[in-house]
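query_29.cif follows; it contains mmCIF, N, CA and C atoms.
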```
data_data
#
loop_
_atom_site.group_PDB
_atom_site.id
_atom_site.type_symbol
_atom_site.label_atom_id
_atom_site.label_comp_id
_atom_site.auth_asym_id
_atom_site.auth_seq_id
_atom_site.Cartn_x
_atom_site.Cartn_y
_atom_site.Cartn_z
ATOM 1 N N MET W 8 114.810 107.064 76.953
ATOM 2 C CA MET W 8 113.523 106.478 77.217
ATOM 3 C C MET W 8 112.914 107.211 78.412
ATOM 4 N N LYS W 9 111.651 107.563 78.285
ATOM 5 C CA LYS W 9 110.958 108.263 79.377
ATOM 6 C C LYS W 9 110.713 107.306 80.547
ATOM 7 N N TRP W 10 110.614 107.878 81.743
ATOM 8 C CA TRP W 10 110.415 107.037 82.920
ATOM 9 C C TRP W 10 109.049 106.364 82.888
ATOM 10 N N THR W 11 108.055 106.990 82.242
ATOM 11 C CA THR W 11 106.735 106.368 82.155
ATOM 12 C C THR W 11 106.784 105.135 81.244
ATOM 13 N N SER W 12 107.581 105.211 80.178
ATOM 14 C CA SER W 12 107.745 104.047 79.308
ATOM 15 C C SER W 12 108.469 102.932 80.050
ATOM 16 N N MET W 13 109.480 103.310 80.825
ATOM 17 C CA MET W 13 110.213 102.314 81.606
ATOM 18 C C MET W 13 109.285 101.620 82.602
ATOM 19 N N LEU W 14 108.432 102.398 83.258
ATOM 20 C CA LEU W 14 107.496 101.834 84.224
ATOM 21 C C LEU W 14 106.504 100.895 83.546
ATOM 22 N N ALA W 15 105.999 101.285 82.381
ATOM 23 C CA ALA W 15 105.044 100.438 81.661
ATOM 24 C C ALA W 15 105.690 99.131 81.219
ATOM 25 N N ILE W 16 106.907 99.201 80.705
ATOM 26 C CA ILE W 16 107.594 97.993 80.246
ATOM 27 C C ILE W 16 107.947 97.106 81.427
ATOM 28 N N TRP W 17 108.406 97.709 82.531
ATOM 29 C CA TRP W 17 108.696 96.903 83.725
ATOM 30 C C TRP W 17 107.423 96.237 84.240
ATOM 31 N N SER W 18 106.298 96.929 84.179
ATOM 32 C CA SER W 18 105.028 96.339 84.625
ATOM 33 C C SER W 18 104.672 95.111 83.795
ATOM 34 N N LEU W 19 104.911 95.190 82.488
ATOM 35 C CA LEU W 19 104.667 94.023 81.642
ATOM 36 C C LEU W 19 105.585 92.865 82.031
ATOM 37 N N PHE W 20 106.852 93.174 82.300
ATOM 38 C CA PHE W 20 107.777 92.135 82.758
ATOM 39 C C PHE W 20 107.321 91.559 84.100
ATOM 40 N N TRP W 21 106.774 92.402 84.986
ATOM 41 C CA TRP W 21 106.339 91.934 86.298
ATOM 42 C C TRP W 21 105.162 90.975 86.168
ATOM 43 N N VAL W 22 104.193 91.323 85.347
ATOM 44 C CA VAL W 22 103.026 90.448 85.173
ATOM 45 C C VAL W 22 103.452 89.114 84.574
ATOM 46 N N MET W 23 104.312 89.175 83.555
ATOM 47 C CA MET W 23 104.811 87.946 82.935
ATOM 48 C C MET W 23 105.564 87.101 83.971
ATOM 49 N N SER W 24 106.374 87.733 84.789
ATOM 50 C CA SER W 24 107.137 87.015 85.812
ATOM 51 C C SER W 24 106.216 86.411 86.863
ATOM 52 N N ALA W 25 105.173 87.136 87.252
ATOM 53 C CA ALA W 25 104.240 86.618 88.252
ATOM 54 C C ALA W 25 103.530 85.377 87.737
ATOM 55 N N VAL W 26 103.128 85.387 86.479
ATOM 56 C CA VAL W 26 102.473 84.215 85.902
ATOM 57 C C VAL W 26 103.452 83.035 85.846
ATOM 58 N N LEU W 27 104.709 83.320 85.517
ATOM 59 C CA LEU W 27 105.707 82.250 85.466
ATOM 60 C C LEU W 27 106.014 81.685 86.856
ATOM 61 N N MET W 28 105.915 82.495 87.900
ATOM 62 C CA MET W 28 106.252 82.058 89.253
ATOM 63 C C MET W 28 105.124 81.294 89.940
ATOM 64 N N LEU W 29 103.903 81.363 89.418
ATOM 65 C CA LEU W 29 102.763 80.740 90.096
ATOM 66 C C LEU W 29 102.940 79.258 90.434
ATOM 67 N N PRO W 30 103.416 78.417 89.529
ATOM 68 C CA PRO W 30 103.454 76.988 89.881
ATOM 69 C C PRO W 30 104.631 76.555 90.756
ATOM 70 N N PHE W 31 105.604 77.405 90.979
ATOM 71 C CA PHE W 31 106.799 76.988 91.710
ATOM 72 C C PHE W 31 106.582 77.063 93.222
ATOM 73 N N GLY W 32 106.877 75.971 93.914
ATOM 74 C CA GLY W 32 106.802 75.921 95.368
ATOM 75 C C GLY W 32 105.419 75.659 95.917
ATOM 76 N N VAL W 33 104.437 75.421 95.068
ATOM 77 C CA VAL W 33 103.076 75.169 95.536
ATOM 78 C C VAL W 33 102.860 73.671 95.662
ATOM 79 N N LYS W 34 102.249 73.262 96.778
ATOM 80 C CA LYS W 34 101.977 71.839 97.012
ATOM 81 C C LYS W 34 100.498 71.661 97.316
ATOM 82 N N THR W 35 99.999 70.474 96.986
ATOM 83 C CA THR W 35 98.588 70.175 97.253
ATOM 84 C C THR W 35 98.407 69.802 98.724
ATOM 85 N N HIS W 36 97.145 69.688 99.119
ATOM 86 C CA HIS W 36 96.848 69.301 100.495
ATOM 87 C C HIS W 36 97.369 67.893 100.800
ATOM 88 N N ASP W 37 97.282 67.010 99.814
ATOM 89 C CA ASP W 37 97.779 65.639 100.014
ATOM 90 C C ASP W 37 99.289 65.632 100.237
ATOM 91 N N GLU W 38 100.016 66.442 99.483
ATOM 92 C CA GLU W 38 101.469 66.508 99.631
ATOM 93 C C GLU W 38 101.870 67.100 100.982
ATOM 94 N N LEU W 39 101.047 68.009 101.490
ATOM 95 C CA LEU W 39 101.342 68.636 102.780
ATOM 96 C C LEU W 39 100.798 67.839 103.959
ATOM 97 N N GLY W 40 99.911 66.876 103.676
ATOM 98 C CA GLY W 40 99.341 66.058 104.741
ATOM 99 C C GLY W 40 98.287 66.778 105.560
ATOM 100 N N ILE W 41 97.570 67.720 104.953
ATOM 101 C CA ILE W 41 96.503 68.421 105.668
ATOM 102 C C ILE W 41 95.152 68.035 105.066
ATOM 103 N N ASP W 42 94.101 68.237 105.856
ATOM 104 C CA ASP W 42 92.751 67.855 105.423
ATOM 105 C C ASP W 42 92.240 68.794 104.338
ATOM 106 N N LYS W 43 91.454 68.208 103.422
ATOM 107 C CA LYS W 43 90.831 68.978 102.356
ATOM 108 C C LYS W 43 89.420 69.389 102.767
ATOM 109 N N VAL W 44 88.953 70.475 102.178
ATOM 110 C CA VAL W 44 87.587 70.933 102.373
ATOM 111 C C VAL W 44 86.687 70.079 101.486
ATOM 112 N N PRO W 45 85.514 69.661 101.961
ATOM 113 C CA PRO W 45 84.629 68.853 101.116
ATOM 114 C C PRO W 45 84.300 69.596 99.806
ATOM 115 N N GLY W 46 84.436 68.870 98.689
ATOM 116 C CA GLY W 46 84.168 69.436 97.375
ATOM 117 C C GLY W 46 85.369 70.118 96.737
ATOM 118 N N GLN W 47 86.482 70.110 97.417
ATOM 119 C CA GLN W 47 87.693 70.767 96.909
ATOM 120 C C GLN W 47 88.336 69.940 95.815
ATOM 121 N N ALA W 48 88.902 70.594 94.834
ATOM 122 C CA ALA W 48 89.612 69.893 93.757
ATOM 123 C C ALA W 48 90.865 69.236 94.312
ATOM 124 N N GLU W 49 91.230 68.111 93.716
ATOM 125 C CA GLU W 49 92.423 67.383 94.154
ATOM 126 C C GLU W 49 93.698 68.215 93.965
ATOM 127 N N SER W 50 93.691 69.068 92.950
ATOM 128 C CA SER W 50 94.895 69.832 92.612
ATOM 129 C C SER W 50 94.943 71.217 93.254
ATOM 130 N N ALA W 51 94.013 71.523 94.145
ATOM 131 C CA ALA W 51 93.995 72.844 94.779
ATOM 132 C C ALA W 51 95.233 73.028 95.652
ATOM 133 N N PRO W 52 95.878 74.189 95.590
ATOM 134 C CA PRO W 52 97.080 74.399 96.391
ATOM 135 C C PRO W 52 96.755 74.503 97.881
ATOM 136 N N GLY W 53 97.645 73.959 98.678
ATOM 137 C CA GLY W 53 97.463 74.015 100.123
ATOM 138 C C GLY W 53 98.313 75.076 100.782
ATOM 139 N N ASN W 54 99.289 75.611 100.072
ATOM 140 C CA ASN W 54 100.186 76.603 100.669
ATOM 141 C C ASN W 54 100.387 77.810 99.745
ATOM 142 N N PHE W 55 99.324 78.262 99.101
ATOM 143 C CA PHE W 55 99.428 79.410 98.202
ATOM 144 C C PHE W 55 99.784 80.652 99.007
ATOM 145 N N ASN W 56 100.846 81.353 98.573
ATOM 146 C CA ASN W 56 101.324 82.539 99.278
ATOM 147 C C ASN W 56 101.584 83.654 98.256
ATOM 148 N N PRO W 57 100.614 84.568 98.070
ATOM 149 C CA PRO W 57 100.776 85.605 97.058
ATOM 150 C C PRO W 57 101.925 86.580 97.346
ATOM 151 N N VAL W 58 102.279 86.766 98.603
ATOM 152 C CA VAL W 58 103.393 87.668 98.932
ATOM 153 C C VAL W 58 104.707 87.079 98.424
ATOM 154 N N ARG W 59 104.889 85.780 98.615
ATOM 155 C CA ARG W 59 106.088 85.112 98.128
ATOM 156 C C ARG W 59 106.180 85.192 96.607
ATOM 157 N N ILE W 60 105.049 85.001 95.940
ATOM 158 C CA ILE W 60 105.025 85.081 94.473
ATOM 159 C C ILE W 60 105.347 86.499 94.022
ATOM 160 N N ALA W 61 104.811 87.504 94.705
ATOM 161 C CA ALA W 61 105.074 88.900 94.337
ATOM 162 C C ALA W 61 106.554 89.244 94.512
ATOM 163 N N LYS W 62 107.167 88.757 95.583
ATOM 164 C CA LYS W 62 108.597 89.014 95.797
ATOM 165 C C LYS W 62 109.444 88.360 94.705
ATOM 166 N N ARG W 63 109.129 87.113 94.390
ATOM 167 C CA ARG W 63 109.881 86.417 93.344
ATOM 168 C C ARG W 63 109.677 87.079 91.985
ATOM 169 N N ALA W 64 108.440 87.486 91.708
ATOM 170 C CA ALA W 64 108.148 88.143 90.435
ATOM 171 C C ALA W 64 108.874 89.478 90.338
ATOM 172 N N THR W 65 108.962 90.199 91.448
ATOM 173 C CA THR W 65 109.664 91.483 91.448
ATOM 174 C C THR W 65 111.143 91.281 91.150
ATOM 175 N N MET W 66 111.758 90.297 91.781
ATOM 176 C CA MET W 66 113.177 90.047 91.533
ATOM 177 C C MET W 66 113.430 89.628 90.085
ATOM 178 N N LEU W 67 112.619 88.706 89.573
ATOM 179 C CA LEU W 67 112.792 88.251 88.198
ATOM 180 C C LEU W 67 112.536 89.372 87.209
ATOM 181 N N SER W 68 111.518 90.189 87.452
ATOM 182 C CA SER W 68 111.206 91.279 86.527
ATOM 183 C C SER W 68 112.302 92.339 86.539
ATOM 184 N N LEU W 69 112.930 92.578 87.675
ATOM 185 C CA LEU W 69 114.036 93.535 87.720
ATOM 186 C C LEU W 69 115.231 93.042 86.905
ATOM 187 N N VAL W 70 115.521 91.748 87.001
ATOM 188 C CA VAL W 70 116.618 91.180 86.212
ATOM 189 C C VAL W 70 116.291 91.260 84.721
ATOM 190 N N LEU W 71 115.085 90.834 84.341
ATOM 191 C CA LEU W 71 114.705 90.855 82.932
ATOM 192 C C LEU W 71 114.659 92.274 82.376
ATOM 193 N N PHE W 72 114.106 93.217 83.161
ATOM 194 C CA PHE W 72 114.070 94.597 82.685
ATOM 195 C C PHE W 72 115.473 95.175 82.602
ATOM 196 N N GLY W 73 116.338 94.803 83.524
ATOM 197 C CA GLY W 73 117.722 95.258 83.458
ATOM 198 C C GLY W 73 118.402 94.813 82.175
ATOM 199 N N LEU W 74 118.171 93.559 81.782
ATOM 200 C CA LEU W 74 118.712 93.061 80.517
ATOM 201 C C LEU W 74 118.094 93.796 79.329
ATOM 202 N N TYR W 75 116.788 94.031 79.395
ATOM 203 C CA TYR W 75 116.102 94.754 78.320
ATOM 204 C C TYR W 75 116.667 96.166 78.183
ATOM 205 N N TYR W 76 116.825 96.854 79.301
ATOM 206 C CA TYR W 76 117.312 98.234 79.259
ATOM 207 C C TYR W 76 118.773 98.298 78.804
ATOM 208 N N ALA W 77 119.584 97.350 79.238
ATOM 209 C CA ALA W 77 120.975 97.306 78.790
ATOM 210 C C ALA W 77 121.038 97.089 77.276
ATOM 211 N N ASN W 78 120.156 96.246 76.753
ATOM 212 C CA ASN W 78 120.097 96.054 75.301
ATOM 213 C C ASN W 78 119.616 97.324 74.616
ATOM 214 N N TYR W 79 118.677 98.028 75.220
ATOM 215 C CA TYR W 79 118.161 99.279 74.650
ATOM 216 C C TYR W 79 119.278 100.326 74.558
ATOM 217 N N VAL W 80 120.082 100.425 75.592
ATOM 218 C CA VAL W 80 121.151 101.421 75.624
ATOM 219 C C VAL W 80 122.309 101.026 74.706
ATOM 220 N N ASN W 81 122.716 99.762 74.735
ATOM 221 C CA ASN W 81 123.899 99.313 74.001
ATOM 222 C C ASN W 81 123.617 98.812 72.592
ATOM 223 N N GLY W 82 122.367 98.492 72.283
ATOM 224 C CA GLY W 82 122.012 98.043 70.942
ATOM 225 C C GLY W 82 122.592 96.701 70.567
ATOM 226 N N TRP W 83 122.591 95.750 71.492
ATOM 227 C CA TRP W 83 123.138 94.425 71.217
ATOM 228 C C TRP W 83 122.316 93.691 70.156
ATOM 229 N N VAL W 84 120.999 93.661 70.338
ATOM 230 C CA VAL W 84 120.097 93.005 69.389
ATOM 231 C C VAL W 84 119.103 94.052 68.911
ATOM 232 N N LEU W 85 119.132 94.345 67.621
ATOM 233 C CA LEU W 85 118.257 95.341 67.020
ATOM 234 C C LEU W 85 117.122 94.656 66.275
ATOM 235 N N PRO W 86 116.033 95.379 65.980
ATOM 236 C CA PRO W 86 114.913 94.754 65.268
ATOM 237 C C PRO W 86 115.326 94.135 63.936
ATOM 238 N N GLN W 87 116.249 94.773 63.222
ATOM 239 C CA GLN W 87 116.665 94.212 61.938
ATOM 240 C C GLN W 87 117.511 92.946 62.113
ATOM 241 N N ASP W 88 118.019 92.698 63.306
ATOM 242 C CA ASP W 88 118.761 91.467 63.571
ATOM 243 C C ASP W 88 117.838 90.258 63.712
ATOM 244 N N VAL W 89 116.575 90.504 64.024
ATOM 245 C CA VAL W 89 115.603 89.435 64.220
ATOM 246 C C VAL W 89 114.751 89.351 62.957
ATOM 247 N N ASN W 90 115.115 88.448 62.063
ATOM 248 C CA ASN W 90 114.406 88.267 60.804
ATOM 249 C C ASN W 90 113.864 86.852 60.767
ATOM 250 N N LEU W 91 112.573 86.718 61.004
ATOM 251 C CA LEU W 91 111.979 85.397 61.080
ATOM 252 C C LEU W 91 111.522 84.867 59.723
ATOM 253 N N PHE W 92 111.338 85.760 58.762
ATOM 254 C CA PHE W 92 110.783 85.360 57.475
ATOM 255 C C PHE W 92 111.655 85.896 56.344
ATOM 256 N N GLY W 93 111.866 85.078 55.346
ATOM 257 C CA GLY W 93 112.533 85.527 54.138
ATOM 258 C C GLY W 93 114.039 85.618 54.250
ATOM 259 N N LYS W 94 114.607 86.310 53.259
ATOM 260 C CA LYS W 94 116.047 86.472 53.182
ATOM 261 C C LYS W 94 116.513 87.533 54.182
ATOM 262 N N PRO W 95 117.772 87.472 54.586
ATOM 263 C CA PRO W 95 118.277 88.508 55.489
ATOM 264 C C PRO W 95 118.317 89.857 54.781
ATOM 265 N N PRO W 96 118.115 90.958 55.507
ATOM 266 C CA PRO W 96 118.121 92.276 54.877
ATOM 267 C C PRO W 96 119.516 92.659 54.397
ATOM 268 N N ASN W 97 119.558 93.525 53.393
ATOM 269 C CA ASN W 97 120.833 94.051 52.921
ATOM 270 C C ASN W 97 121.372 95.061 53.919
ATOM 271 N N PHE W 98 122.680 95.254 53.931
ATOM 272 C CA PHE W 98 123.288 96.178 54.884
ATOM 273 C C PHE W 98 122.990 97.634 54.557
ATOM 274 N N ASP W 99 122.624 97.938 53.308
ATOM 275 C CA ASP W 99 122.331 99.331 52.939
ATOM 276 C C ASP W 99 120.880 99.701 53.198
ATOM 277 N N GLY W 100 120.071 98.802 53.717
ATOM 278 C CA GLY W 100 118.694 99.099 54.054
ATOM 279 C C GLY W 100 117.701 98.773 52.961
ATOM 280 N N THR W 101 118.156 98.359 51.778
ATOM 281 C CA THR W 101 117.247 98.017 50.704
ATOM 282 C C THR W 101 116.768 96.582 50.861
ATOM 283 N N LYS W 102 115.663 96.288 50.200
ATOM 284 C CA LYS W 102 115.127 94.939 50.265
ATOM 285 C C LYS W 102 115.995 93.999 49.433
ATOM 286 N N PRO W 103 116.146 92.740 49.903
ATOM 287 C CA PRO W 103 116.947 91.797 49.116
ATOM 288 C C PRO W 103 116.236 91.466 47.811
ATOM 289 N N GLY W 104 117.010 91.293 46.770
ATOM 290 C CA GLY W 104 116.394 91.060 45.470
ATOM 291 C C GLY W 104 116.783 89.829 44.825
#
```
Let me see the structure of the file written as structure tokens.
Amino acid sequence: MKWTSMLAIWSLFWVMSAVLMLPFGVKTHDELGIDKVPGQAESAPGNFNPVRIAKRATMLSLVLFGLYYANYVNGWVLPQDVNLFGKPPNFDGTKPG
């Protein structure tokens, strides 16, 4: 696998991880006991920290990409192993009949 492909796939894992990390550890102003700005939504975060989210997303994406790359090298789960529709494929590569 080329390093540019690895970088692109890791970037996708990073974005997915960042979106997954957004709700963890965030508290509202009421939960923190601090004053709200007039007109602010009740659910607005009071302690949003993008650096913390980026660090967590980086760690999670490295783990996920490591698993992805290990599967790529070792061939644990192949595309033909994932059959969501129909009968399982034949071992000789022909369509089941």
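For the set W:Ala61, W:Trp21, W:Asn54, W:Ala77, the residue with the smallest atom-to-atom gap to Ile41 of chain W is W:Asn54, counting only C-alpha atoms.
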Quiz item: Could you write out, as a ChimeraX atom specification, all the residues of chain W that DSSP marks as alpha helix (DSSP H)?
Solution: /W:10-28,36-39,57-81
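Note that the spacing between atom N of Ser68 of chain W and atom CA of Phe55 of chain W amounts to 19.4 Å.
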To test your reading of the syntax: which residues would the PyMOL selection byres (((chain W and resi 17 and name CA) around 10) and name CA) return for the file shown? Reply as a PDB file with N, CA and C atoms, in the coordinates of the input.
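expr-v5.pdb was written with the following content:
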```pdb
ATOM      1  N   THR W  11     108.055 106.990  82.242  1.00  0.00           N
ATOM      2  CA  THR W  11     106.735 106.368  82.155  1.00  0.00           C
ATOM      3  C   THR W  11     106.784 105.135  81.244  1.00  0.00           C
ATOM      4  N   SER W  12     107.581 105.211  80.178  1.00  0.00           N
ATOM      5  CA  SER W  12     107.745 104.047  79.308  1.00  0.00           C
ATOM      6  C   SER W  12     108.469 102.932  80.050  1.00  0.00           C
ATOM      7  N   MET W  13     109.480 103.310  80.825  1.00  0.00           N
ATOM      8  CA  MET W  13     110.213 102.314  81.606  1.00  0.00           C
ATOM      9  C   MET W  13     109.285 101.620  82.602  1.00  0.00           C
ATOM     10  N   LEU W  14     108.432 102.398  83.258  1.00  0.00           N
ATOM     11  CA  LEU W  14     107.496 101.834  84.224  1.00  0.00           C
ATOM     12  C   LEU W  14     106.504 100.895  83.546  1.00  0.00           C
ATOM     13  N   ALA W  15     105.999 101.285  82.381  1.00  0.00           N
ATOM     14  CA  ALA W  15     105.044 100.438  81.661  1.00  0.00           C
ATOM     15  C   ALA W  15     105.690  99.131  81.219  1.00  0.00           C
ATOM     16  N   ILE W  16     106.907  99.201  80.705  1.00  0.00           N
ATOM     17  CA  ILE W  16     107.594  97.993  80.246  1.00  0.00           C
ATOM     18  C   ILE W  16     107.947  97.106  81.427  1.00  0.00           C
ATOM     19  N   SER W  18     106.298  96.929  84.179  1.00  0.00           N
ATOM     20  CA  SER W  18     105.028  96.339  84.625  1.00  0.00           C
ATOM     21  C   SER W  18     104.672  95.111  83.795  1.00  0.00           C
ATOM     22  N   LEU W  19     104.911  95.190  82.488  1.00  0.00           N
ATOM     23  CA  LEU W  19     104.667  94.023  81.642  1.00  0.00           C
ATOM     24  C   LEU W  19     105.585  92.865  82.031  1.00  0.00           C
ATOM     25  N   PHE W  20     106.852  93.174  82.300  1.00  0.00           N
ATOM     26  CA  PHE W  20     107.777  92.135  82.758  1.00  0.00           C
ATOM     27  C   PHE W  20     107.321  91.559  84.100  1.00  0.00           C
ATOM     28  N   TRP W  21     106.774  92.402  84.986  1.00  0.00           N
ATOM     29  CA  TRP W  21     106.339  91.934  86.298  1.00  0.00           C
ATOM     30  C   TRP W  21     105.162  90.975  86.168  1.00  0.00           C
ATOM     31  N   VAL W  22     104.193  91.323  85.347  1.00  0.00           N
ATOM     32  CA  VAL W  22     103.026  90.448  85.173  1.00  0.00           C
ATOM     33  C   VAL W  22     103.452  89.114  84.574  1.00  0.00           C
ATOM     34  N   MET W  23     104.312  89.175  83.555  1.00  0.00           N
ATOM     35  CA  MET W  23     104.811  87.946  82.935  1.00  0.00           C
ATOM     36  C   MET W  23     105.564  87.101  83.971  1.00  0.00           C
ATOM     37  N   THR W  65     108.962  90.199  91.448  1.00  0.00           N
ATOM     38  CA  THR W  65     109.664  91.483  91.448  1.00  0.00           C
ATOM     39  C   THR W  65     111.143  91.281  91.150  1.00  0.00           C
ATOM     40  N   SER W  68     111.518  90.189  87.452  1.00  0.00           N
ATOM     41  CA  SER W  68     111.206  91.279  86.527  1.00  0.00           C
ATOM     42  C   SER W  68     112.302  92.339  86.539  1.00  0.00           C
ATOM     43  N   LEU W  69     112.930  92.578  87.675  1.00  0.00           N
ATOM     44  CA  LEU W  69     114.036  93.535  87.720  1.00  0.00           C
ATOM     45  C   LEU W  69     115.231  93.042  86.905  1.00  0.00           C
ATOM     46  N   LEU W  71     115.085  90.834  84.341  1.00  0.00           N
ATOM     47  CA  LEU W  71     114.705  90.855  82.932  1.00  0.00           C
ATOM     48  C   LEU W  71     114.659  92.274  82.376  1.00  0.00           C
ATOM     49  N   PHE W  72     114.106  93.217  83.161  1.00  0.00           N
ATOM     50  CA  PHE W  72     114.070  94.597  82.685  1.00  0.00           C
ATOM     51  C   PHE W  72     115.473  95.175  82.602  1.00  0.00           C
ATOM     52  N   GLY W  73     116.338  94.803  83.524  1.00  0.00           N
ATOM     53  CA  GLY W  73     117.722  95.258  83.458  1.00  0.00           C
ATOM     54  C   GLY W  73     118.402  94.813  82.175  1.00  0.00           C
ATOM     55  N   TYR W  75     116.788  94.031  79.395  1.00  0.00           N
ATOM     56  CA  TYR W  75     116.102  94.754  78.320  1.00  0.00           C
ATOM     57  C   TYR W  75     116.667  96.166  78.183  1.00  0.00           C
ATOM     58  N   TYR W  76     116.825  96.854  79.301  1.00  0.00           N
ATOM     59  CA  TYR W  76     117.312  98.234  79.259  1.00  0.00           C
ATOM     60  C   TYR W  76     118.773  98.298  78.804  1.00  0.00           C
TER      61      TYR W  76
END
```
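Atom pair atom C of Val44 of chain W / atom CA of Leu29 of chain W: separated by 22.4 Å.
Note that atom CA of Lys62 of chain W and atom C of Met28 of chain W are 10.3 Å apart.
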